[in-house]
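Visitor: Structure incoming, see below.
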Amino acid sequence: MKFRFPLGIRLFGWRTPVLAGSVLTLAGLLSPQDASGATAVSRIFGAVPVVADGAADTVLSVPLKIPAVFRATVGSVSESTITFSGTPNLTEDQFVYVAGIQPQTYYLFFESGDLAGRVFTITGNSTTSVTLAAAAAATADDAVAIHPYWTLATLFSSDQGLASATNAGERPIEVILPAVESDGINPAAEAVYYHGDGAWRRVGAAFDAAFDDTILPPDRPVVVRMNQDEDATLVLTGEVTMSALSLPVRARADGPQDNLLSLTRPLDVSLDDSGLAGSGAFETTTDSGQIKDRVVLYAGGPGQNRVPTDAYFYLNGGWRKEGDDPATDHGSVVIKAGQGFVIRKAEQAGDPVEYWVNTFNP
């Protein structure tokens with residue numbers, strides 16, 4: 001199959017459209033170690049320049065992953081321990097975060113099998129296996145990869161040239177992590193970070209406390225807040241996710257629930273192609289007067305503290321827009337590459353969590 005990527009990738013910005021001008025590079029640049037100790041099949045690697053508008057918030061969904069450092073297949077599973085097939089030749093605890101010594105936190109990504117697209121944080125490893133933060137119902141021969149998480153220091157690295165604060169009270173650029181686990185809609189900030197004196201700092205913490213190693217999960221967007229009038233350009237490089245993505249979608253019994261999500265894709269995904277309709281993670285509406293689940297996108301415009309406003313629901317075999325004629329089809333509306341978005345779940349008994357599987361459709 002020949003993969004087709006857009007010549008320009010658009011990243012959502014709230015003041016003006018944000019353009020990314022470079023086409024992804026289709027090249028054999030990545031050669032992670034595999035379980036035999038040799039090199040694995042080359043992957044697609046790319047570079048995407050994106051712009052955050054001045055005096056505005058940008059909801060950033062990172063379109064690329066840090067390249068895999070290891071690939072293998074599952075040999076056996078014992079609760080939260082995955083043993084690899086072949087001869088992995090790993091170094092004991094090489095994937096374990098140690099502050100000040102080993103700054104990366106790693107995750108195991110399933111590329112095939114029933115868990116395809118799922119992410120599990122690695123808490124330890126032997127020479128042949130990894131231990132995960134949660135049990136994984138994997139099966140033998142599932143293909144897996146180990147990636148470092150993006151962190152504040154690696155995604156917003158010093159060579160990006162972002163403005164830095166001289167004191168805690170004057171912050172030209174902030175990175176906001178929304179409280180995605182909170183109940184209800186329009187979640188507040190969990191933490192606010194800024195760069196100052198050579199490291200990433202957190203609002204409310206001492207100015208000399210460093211938070212460079214704060215992880216940025218691949219299925220969650222961040223908000224880049226520009227407190228300066230000038231735009232900022234980031235050049236994001238990494239590996240293209242060519243397998244499925246599996247995102248957790250939570251509902252609750254006490255009212256609607258927002259799931260602020262991110263697709264690690266360097267291309268736009270239409271509602272029709274998203275795989276949401278008919279999935280167990282998204283409830284179909286049967287009466288336009290009683291809308292169930294919604295996909296809510298952020299509308300363009302200036303300013304900060306914006307909330308998503310353009311809501312779409314699935315009715316009578318098509319995507320409809322809330323407030324529009326329910327006979328009008330909106331299935332061609334896209335979740336733009338680099339754009340965070342919301343799945344707003346209707347009230348549902350039992351507080352269920354379902355996984356939405358999004359497949360790669362270039």
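How things are named: the first chain in the structure tokens is A, the next is B, and so on; residues count from 1 in each chain; ligands count from 1 in the order shown.
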Just list the residues in region 148-351 of chain A DSSP gives alpha helix (DSSP H) on the backbone, as a PyMOL selection string.

Guide: chain A and resi 152-155

Visitor: Those residues with N, CA and C atoms, as a PDB file, in the first residue's frame please?

Guide:
```
ATOM      1  N   LEU A 152       7.956  17.168  29.069  1.00  0.00           N
ATOM      2  CA  LEU A 152       8.076  18.610  28.841  1.00  0.00           C
ATOM      3  C   LEU A 152       9.425  18.944  28.211  1.00  0.00           C
ATOM      4  N   ALA A 153      10.485  18.295  28.677  1.00  0.00           N
ATOM      5  CA  ALA A 153      11.822  18.616  28.177  1.00  0.00           C
ATOM      6  C   ALA A 153      12.071  18.107  26.771  1.00  0.00           C
ATOM      7  N   THR A 154      11.460  16.974  26.389  1.00  0.00           N
ATOM      8  CA  THR A 154      11.720  16.433  25.055  1.00  0.00           C
ATOM      9  C   THR A 154      10.793  17.020  23.999  1.00  0.00           C
ATOM     10  N   LEU A 155       9.541  17.303  24.357  1.00  0.00           N
ATOM     11  CA  LEU A 155       8.629  17.890  23.376  1.00  0.00           C
ATOM     12  C   LEU A 155       8.917  19.369  23.181  1.00  0.00           C
TER      13      LEU A 155
END
```

Visitor: Taking only C-alpha atoms into account, produce a table as a tab-separated table in which each residue of region 79-139 of chain A with an atom at most 12 Å from an atom of region 222-241 of chain A appears once, together with its shortest atom pair and the distance in Å to one decimal, ordered by chain and rising number.

Guide:
```
residue	atom	partner	partner_atom	distance
A:Phe109	CA	A:Thr241	CA	10.3
A:Phe110	CA	A:Thr241	CA	11.1
A:Glu111	CA	A:Thr241	CA	9.1
A:Ala116	CA	A:Thr241	CA	11.5
A:Gly117	CA	A:Thr241	CA	9.3
```

Visitor: Write out as a PyMOL selection string the set of residues from region 262-331 of chain A that DSSP, computed on the backbone, places in strand (DSSP E or B).

Guide: chain A and resi 269-270+285+294-297+303+310-315+318-321

Visitor: Counting only C-alpha atoms, what is within 8 Å of Tyr149 (chain A), bar same-chain residues fewer than 5 positions away, as a list in words?

Guide: Ile66, Gln104, Thr105, Tyr106, Tyr107, Ile215, Leu216, Pro217 and Pro218 of chain A

Visitor: Can I get the selection written as a short mmCIF file (atom, residue, chain, number, x, y, z; two decimals), in the first residue's frame, with N, CA and C atoms?

Guide:
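out_32.cif written:
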```cif
data_model
loop_
_atom_site.label_atom_id
_atom_site.label_comp_id
_atom_site.auth_asym_id
_atom_site.auth_seq_id
_atom_site.Cartn_x
_atom_site.Cartn_y
_atom_site.Cartn_z
N ILE A 66 7.81 9.52 19.85
CA ILE A 66 9.25 9.31 19.90
C ILE A 66 9.53 7.91 19.34
N GLN A 104 14.00 9.26 31.25
CA GLN A 104 12.87 8.83 30.43
C GLN A 104 11.99 7.82 31.16
N THR A 105 10.67 7.99 30.98
CA THR A 105 9.71 6.96 31.36
C THR A 105 9.24 6.28 30.08
N TYR A 106 9.19 4.96 30.07
CA TYR A 106 8.88 4.21 28.86
C TYR A 106 7.51 3.54 28.96
N TYR A 107 6.94 3.27 27.79
CA TYR A 107 5.68 2.53 27.75
C TYR A 107 5.75 1.43 26.70
N ILE A 215 5.73 13.47 32.28
CA ILE A 215 5.34 12.76 31.07
C ILE A 215 4.06 13.35 30.47
N LEU A 216 3.96 13.23 29.16
CA LEU A 216 2.80 13.70 28.39
C LEU A 216 2.21 12.48 27.69
N PRO A 217 1.17 11.86 28.23
CA PRO A 217 0.61 10.64 27.64
C PRO A 217 0.17 10.85 26.20
N PRO A 218 0.35 9.86 25.33
CA PRO A 218 0.06 10.05 23.90
C PRO A 218 -1.41 10.23 23.58
#
```

Visitor: Write out as a PDB file with N, CA and C atoms, in the first residue's frame which residues come within 12 Å of Val296 (chain A) when counting only C-alpha atoms, dropping same-chain ones fewer than 4 positions away.

Guide:
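This went into result_24.pdb:
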```
ATOM      1  N   ILE A 185     -17.811  18.098  32.912  1.00  0.00           N
ATOM      2  CA  ILE A 185     -17.406  18.645  31.620  1.00  0.00           C
ATOM      3  C   ILE A 185     -16.505  19.863  31.808  1.00  0.00           C
ATOM      4  N   ASN A 186     -15.802  20.233  30.715  1.00  0.00           N
ATOM      5  CA  ASN A 186     -14.887  21.374  30.707  1.00  0.00           C
ATOM      6  C   ASN A 186     -13.907  21.319  31.881  1.00  0.00           C
ATOM      7  N   GLN A 257     -19.906  13.340  30.917  1.00  0.00           N
ATOM      8  CA  GLN A 257     -18.483  13.250  31.212  1.00  0.00           C
ATOM      9  C   GLN A 257     -17.662  13.596  29.976  1.00  0.00           C
ATOM     10  N   ASP A 258     -16.758  14.567  30.120  1.00  0.00           N
ATOM     11  CA  ASP A 258     -15.844  14.920  29.039  1.00  0.00           C
ATOM     12  C   ASP A 258     -14.611  14.032  29.064  1.00  0.00           C
ATOM     13  N   ASN A 259     -14.230  13.550  27.881  1.00  0.00           N
ATOM     14  CA  ASN A 259     -12.973  12.838  27.676  1.00  0.00           C
ATOM     15  C   ASN A 259     -12.144  13.669  26.706  1.00  0.00           C
ATOM     16  N   LEU A 260     -11.124  14.346  27.215  1.00  0.00           N
ATOM     17  CA  LEU A 260     -10.252  15.171  26.386  1.00  0.00           C
ATOM     18  C   LEU A 260      -9.178  14.266  25.790  1.00  0.00           C
ATOM     19  N   LEU A 261      -9.192  14.134  24.451  1.00  0.00           N
ATOM     20  CA  LEU A 261      -8.424  13.086  23.788  1.00  0.00           C
ATOM     21  C   LEU A 261      -7.504  13.625  22.706  1.00  0.00           C
ATOM     22  N   LEU A 271     -14.979  12.329  10.673  1.00  0.00           N
ATOM     23  CA  LEU A 271     -15.889  11.622  11.565  1.00  0.00           C
ATOM     24  C   LEU A 271     -16.307  10.285  10.962  1.00  0.00           C
ATOM     25  N   VAL A 307     -13.523  26.873  25.396  1.00  0.00           N
ATOM     26  CA  VAL A 307     -14.116  25.548  25.590  1.00  0.00           C
ATOM     27  C   VAL A 307     -14.580  25.035  24.232  1.00  0.00           C
ATOM     28  N   PRO A 308     -14.665  23.709  24.046  1.00  0.00           N
ATOM     29  CA  PRO A 308     -15.137  23.169  22.767  1.00  0.00           C
ATOM     30  C   PRO A 308     -16.608  23.500  22.563  1.00  0.00           C
ATOM     31  N   THR A 309     -16.973  23.842  21.315  1.00  0.00           N
ATOM     32  CA  THR A 309     -18.333  24.331  21.064  1.00  0.00           C
ATOM     33  C   THR A 309     -19.063  23.609  19.945  1.00  0.00           C
ATOM     34  N   ASP A 310     -18.359  23.101  18.950  1.00  0.00           N
ATOM     35  CA  ASP A 310     -19.009  22.476  17.796  1.00  0.00           C
ATOM     36  C   ASP A 310     -19.231  20.995  18.088  1.00  0.00           C
ATOM     37  N   ALA A 311     -20.489  20.624  18.351  1.00  0.00           N
ATOM     38  CA  ALA A 311     -20.810  19.269  18.805  1.00  0.00           C
ATOM     39  C   ALA A 311     -21.483  18.467  17.700  1.00  0.00           C
ATOM     40  N   TYR A 312     -21.062  17.203  17.565  1.00  0.00           N
ATOM     41  CA  TYR A 312     -21.594  16.305  16.544  1.00  0.00           C
ATOM     42  C   TYR A 312     -22.057  15.009  17.212  1.00  0.00           C
ATOM     43  N   PHE A 313     -23.154  14.458  16.713  1.00  0.00           N
ATOM     44  CA  PHE A 313     -23.691  13.211  17.240  1.00  0.00           C
ATOM     45  C   PHE A 313     -24.080  12.309  16.081  1.00  0.00           C
ATOM     46  N   ARG A 320     -24.458  14.201  12.595  1.00  0.00           N
ATOM     47  CA  ARG A 320     -25.259  15.423  12.612  1.00  0.00           C
ATOM     48  C   ARG A 320     -24.594  16.448  13.531  1.00  0.00           C
ATOM     49  N   LYS A 321     -24.875  17.715  13.255  1.00  0.00           N
ATOM     50  CA  LYS A 321     -24.326  18.790  14.081  1.00  0.00           C
ATOM     51  C   LYS A 321     -25.410  19.347  14.983  1.00  0.00           C
ATOM     52  N   GLU A 322     -25.099  19.443  16.250  1.00  0.00           N
ATOM     53  CA  GLU A 322     -26.066  19.981  17.196  1.00  0.00           C
ATOM     54  C   GLU A 322     -26.391  21.429  16.828  1.00  0.00           C
ATOM     55  N   VAL A 333     -16.669  16.247   8.259  1.00  0.00           N
ATOM     56  CA  VAL A 333     -15.973  17.098   9.223  1.00  0.00           C
ATOM     57  C   VAL A 333     -14.783  16.325   9.790  1.00  0.00           C
ATOM     58  N   VAL A 334     -13.642  16.994   9.942  1.00  0.00           N
ATOM     59  CA  VAL A 334     -12.436  16.292  10.363  1.00  0.00           C
ATOM     60  C   VAL A 334     -11.979  16.725  11.752  1.00  0.00           C
ATOM     61  N   ILE A 335     -11.398  15.758  12.430  1.00  0.00           N
ATOM     62  CA  ILE A 335     -10.552  16.046  13.588  1.00  0.00           C
ATOM     63  C   ILE A 335      -9.180  16.327  12.999  1.00  0.00           C
ATOM     64  N   GLN A 339      -4.857  18.390  16.599  1.00  0.00           N
ATOM     65  CA  GLN A 339      -5.932  19.054  17.339  1.00  0.00           C
ATOM     66  C   GLN A 339      -6.490  18.143  18.428  1.00  0.00           C
ATOM     67  N   GLY A 340      -6.469  18.607  19.662  1.00  0.00           N
ATOM     68  CA  GLY A 340      -7.170  17.907  20.719  1.00  0.00           C
ATOM     69  C   GLY A 340      -8.668  18.083  20.562  1.00  0.00           C
ATOM     70  N   PHE A 341      -9.432  17.161  21.108  1.00  0.00           N
ATOM     71  CA  PHE A 341     -10.891  17.204  20.956  1.00  0.00           C
ATOM     72  C   PHE A 341     -11.527  16.508  22.150  1.00  0.00           C
ATOM     73  N   VAL A 342     -12.849  16.537  22.202  1.00  0.00           N
ATOM     74  CA  VAL A 342     -13.570  15.991  23.350  1.00  0.00           C
ATOM     75  C   VAL A 342     -14.608  14.983  22.877  1.00  0.00           C
ATOM     76  N   ILE A 343     -14.697  13.852  23.556  1.00  0.00           N
ATOM     77  CA  ILE A 343     -15.870  12.982  23.462  1.00  0.00           C
ATOM     78  C   ILE A 343     -16.658  13.184  24.750  1.00  0.00           C
ATOM     79  N   ARG A 344     -17.845  13.734  24.600  1.00  0.00           N
ATOM     80  CA  ARG A 344     -18.699  14.019  25.756  1.00  0.00           C
ATOM     81  C   ARG A 344     -19.721  12.895  25.891  1.00  0.00           C
ATOM     82  N   LYS A 345     -19.507  12.056  26.885  1.00  0.00           N
ATOM     83  CA  LYS A 345     -20.375  10.907  27.108  1.00  0.00           C
ATOM     84  C   LYS A 345     -21.627  11.318  27.873  1.00  0.00           C
TER      85      LYS A 345
END
```

Visitor: Taking only C-alpha atoms into account, which of A:Thr83, A:Thr285, A:Thr58, A:Ser78 comes nearest Asp141 (chain A)?

Guide: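 Comparing A:Thr83, A:Thr285, A:Thr58, A:Ser78 against Asp141 (chain A), the winner is A:Thr83.
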
Visitor: Report the distance between CA of Val48 (chain A) and CA of Pro148 (chain A) in Å, rounded to one decimal place.

Guide: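 Between CA of Val48 (chain A) and CA of Pro148 (chain A) the gap works out to 18.8 Å.
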
Visitor: Go through A:Val203, A:Ala209, A:Ala327, A:Val62 and flag the residue nearest Val50 (chain A), using only C-alpha atoms for the distances.

Guide: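 For Val50 (chain A), the nearest of the given residues is A:Val62.
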
Visitor: Quick one: residues within 12 Å of Thr359 (chain A), only C-alpha atoms, excluding same-chain residues fewer than 2 positions away - as a list in words?

Guide: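 Here the answer would be Glu111, Ser112, Ala116, Gly117, Thr241, Met242, Ser243, Ala244, Leu245, Ser246, Leu247, Leu263, Thr264, Arg265, Val269, Asp273, Ser274, Gly275, Leu276, Trp356, Val357, Asn361 and Pro362 of chain A.
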
Visitor: Excluding Arg252 (chain A) and residues on its chain fewer than 5 positions from it, collect all residues at most 7 Å away from it, counting only C-alpha atoms, and give them as a compact mmCIF listing (two decimals) with N, CA and C atoms, in the first residue's frame.

Guide:
```txt
# COMPACT_ATOMS: atom_id res chain seq x y z
N GLN A 257 -19.91 13.34 30.92
CA GLN A 257 -18.48 13.25 31.21
C GLN A 257 -17.66 13.60 29.98
N GLU A 347 -24.81 10.55 30.38
CA GLU A 347 -24.92 9.82 31.64
C GLU A 347 -25.18 8.34 31.38
N GLN A 348 -24.46 7.48 32.11
CA GLN A 348 -24.58 6.04 31.89
C GLN A 348 -24.32 5.30 33.19
N ALA A 349 -25.19 4.39 33.53
CA ALA A 349 -25.07 3.64 34.78
C ALA A 349 -23.80 2.80 34.79
N GLY A 350 -23.23 2.69 35.97
CA GLY A 350 -22.09 1.80 36.15
C GLY A 350 -20.73 2.42 35.92
N ASP A 351 -20.66 3.70 35.52
CA ASP A 351 -19.38 4.38 35.27
C ASP A 351 -18.46 3.56 34.36
N PRO A 352 -18.92 3.14 33.18
CA PRO A 352 -18.11 2.25 32.34
C PRO A 352 -16.96 2.97 31.65
```

Visitor: Give me, as an NGL selection string, all polymer residues having an atom no more than 6 Å from Ser126 (chain A), counting only C-alpha atoms and skipping those fewer than 2 positions away in the same chain.

Guide: :A and (92 or 128-129)

Visitor: Take the residues just selected and output them with C-alpha atoms as a PDB file, in the first residue's frame.

Guide:
```
ATOM      1  CA  GLU A  92      18.053  -5.059  33.564  1.00  0.00           C
ATOM      2  CA  THR A 128      13.854 -10.864  28.723  1.00  0.00           C
ATOM      3  CA  SER A 129      10.708  -9.180  30.048  1.00  0.00           C
TER       4      SER A 129
END
```

Visitor: Rounded to one decimal place, report the CA of Ala145 (chain A)-CA of Arg220 (chain A) distance in Å.

Guide: 19.4 Å

Visitor: Point out the residue among A:Thr286, A:Gly303, A:Ala140, A:Ala56 with the least atom-to-atom distance to Leu315 (chain A), counting only C-alpha atoms.

Guide: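 So, comparing all the options, the nearest one is A:Thr286.
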
Visitor: Please compute the CA of Val59 (chain A)-CA of Ser158 (chain A) distance, one decimal, in Å.

Guide: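 Interatomic distance, CA of Val59 (chain A) to CA of Ser158 (chain A): 20.7 Å.
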
Visitor: So which one's closest to Ala277 (chain A), A:Pro256, A:Gly318, A:Gly100, A:Gly204? Using only C-alpha atoms, please.

Guide: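 Ranked by minimum distance to Ala277 (chain A), first place goes to A:Gly318.
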